[in-house]
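Asker: I have a structure I would like to understand better, so I am pasting it below and will then ask my questions one at a time.
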Amino acid sequence: MTATKTNYFTDARQVIAGGVNSPVRAWQSVGGDPLFVSHARGSKIYDTAAREYIDFVLSWGPMILGHAHPDVIEAICSAARKGTSFGAPTESETQMAQLICSAIPSMELMRMTSSGTEATMTAIRLARGYTGRNMIIKFDGCYHGHADSLLVQAGSGVATLVIPGSPGVPECLAELTISLPYNDIAAVQEAIERYGSQLAAIIVEPVAGNMGVVEPQNGFLAKLRELTTQHGIVLIFDEVITGFRFIFGGYQNLVGIKPDLTCLGKIIGGGLPIGVLGGKKEIMEVLAPSGNVYQAGTLSGNPLAVNAGLATLHLLQAKAYSYADVDKRTEQLCRDMENMFSAQGIPVCINRFHSMFTLFFQAGPVNNFLDAKKSATTFFARFFHGMIKEGIWLAPSQFEANFISFAHTDADIDCTLQACANTLKHL
Ligand SMILES: *Cc1c(COP(=O)(O)O)cnc(C)c1O
């Protein structure tokens, strides 16, 4: 009999900073050592002890088709056989850009990167270069990747670890970023009155995912569009999570608002590293080589990522899967969980938008980061571990979104509800 190896995290910590290559993977806020993954397929993910879990993290959003979808794997393999990187343009990149442009018309021209972080970082640089202004507005609890200018009052891992800014980001740069409460248009108006002529951009998650799921309220985005147009400020929608999550297109299609620039990532890479920045021609042309704002990447438009993305987008476009079905399943899951909690007298506020949701352990409502932070995070940690024991893998932080894929079945939902009932018995 071979002994089962159990010290994966101990080994990792010897050679990888904090044992992980991205902070939230470390389970720091929920306690315990993170599970190491051996493989995943469809809605299921398997740890190194061969235990099976229903996966609601889905690589933090990208795996909308479920893990290891055969068409995506085939696209990656056949691309790999032709070579993995050329440092020269390919036709697939144009095809992918055409497809994105047809789905999200505000993206007249685009540029591909290897991560969402690069897309948002470039968006800020471009907005500054285009307007000749330096200040930007973002919103508390929104996360736009880890570029210096955007790590102020940020969501995701920054929120989970309770880091207000980040050491290593020079004060003089952080000072150029104003962070305001999400959904607070009066605060935006005030900031514009004060700094209007110095503001290059407003960047926003059109539906927030990185403080947990929070929807825009009372025409928040329409008012942002109005104000930015009036004051010559570049409006950036960070649709890295929301792009292709709800429909074949962005959240902007659902509400009929056209931002000046849009950032994409996650789903459009089919599980491979990717990011895209796109928008108004007049602004995008300021990027080098047509303009002089510099941006580049050795592996940008990488053939594996682009072909995995193309395969994913083709399936979504062909309506091979129904967004309505996945939304319905998510709705049922959230409604039944809510009933279970209220039957036990446990305060919970479940914010759901289409196929993404967060269980905030508090009475709610949760409309911004300040609200989100009122949640009972210790209780969340116990719930998280209870669910893991029952074979359900939720996001290991109170301030994150959970996702459902097209691979999740009604049986997966029933199984999750049963697991939730069992977990509540022991809390
Ligand atoms: C994940 C995310 C990013 C960063 O993308 P990476 O690929 O992790 O660099 C940016 N913005 C939002 C809204 C995200 O959720």
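Chain labels A, B, ... are given in the sequence in which chains occur in the structure tokens; within each chain residues are numbered consecutively from 1, and ligands are likewise numbered from 1 in the order shown.
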Excluding A:Glu74 and its own-chain neighbours fewer than 4 positions away, which residues fall within 12 Å of it when counting only C-alpha atoms? Please give them as a PyMOL selection string.

Answerer: chain A and resi 68-70+78-81+270+304+307-312

Asker: If you run DSSP on the backbone, which residues of stretch 132-321 of chain A are helix (DSSP H, G or I), as a PyMOL selection string?

Answerer: chain A and resi 148-150+157-160+171-174+185-198+220-230+251-255+266-269+281-284+303-317

Asker: Just want the residues within 8 Å of ligand 1, written as a PyMOL selection string, counting only C-alpha atoms and all ligand atoms.

Answerer: chain A and resi 60-61+114-120+142-146+156+205+208-210+238-242+263-266+273-275

Asker: Could you work out how far atom CA of A:Gly291 lies from atom CA of A:Thr90, giving the answer in Å with one decimal?

Answerer: 21.8 Å

Asker: Can you list every residue in stretch 296-412 of chain A that DSSP puts in strand (DSSP E or B), as a list of chain:residue names?

Answerer: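 Across stretch 296-412 of chain A, those assigned strand (DSSP E or B) are A:Cys349, A:Ile350, A:Asn351, A:Arg352, A:Phe353, A:Met356, A:Phe357, A:Thr358, A:Leu359, A:Phe360, A:Ile392, A:Trp393, A:Asn402, A:Phe403.
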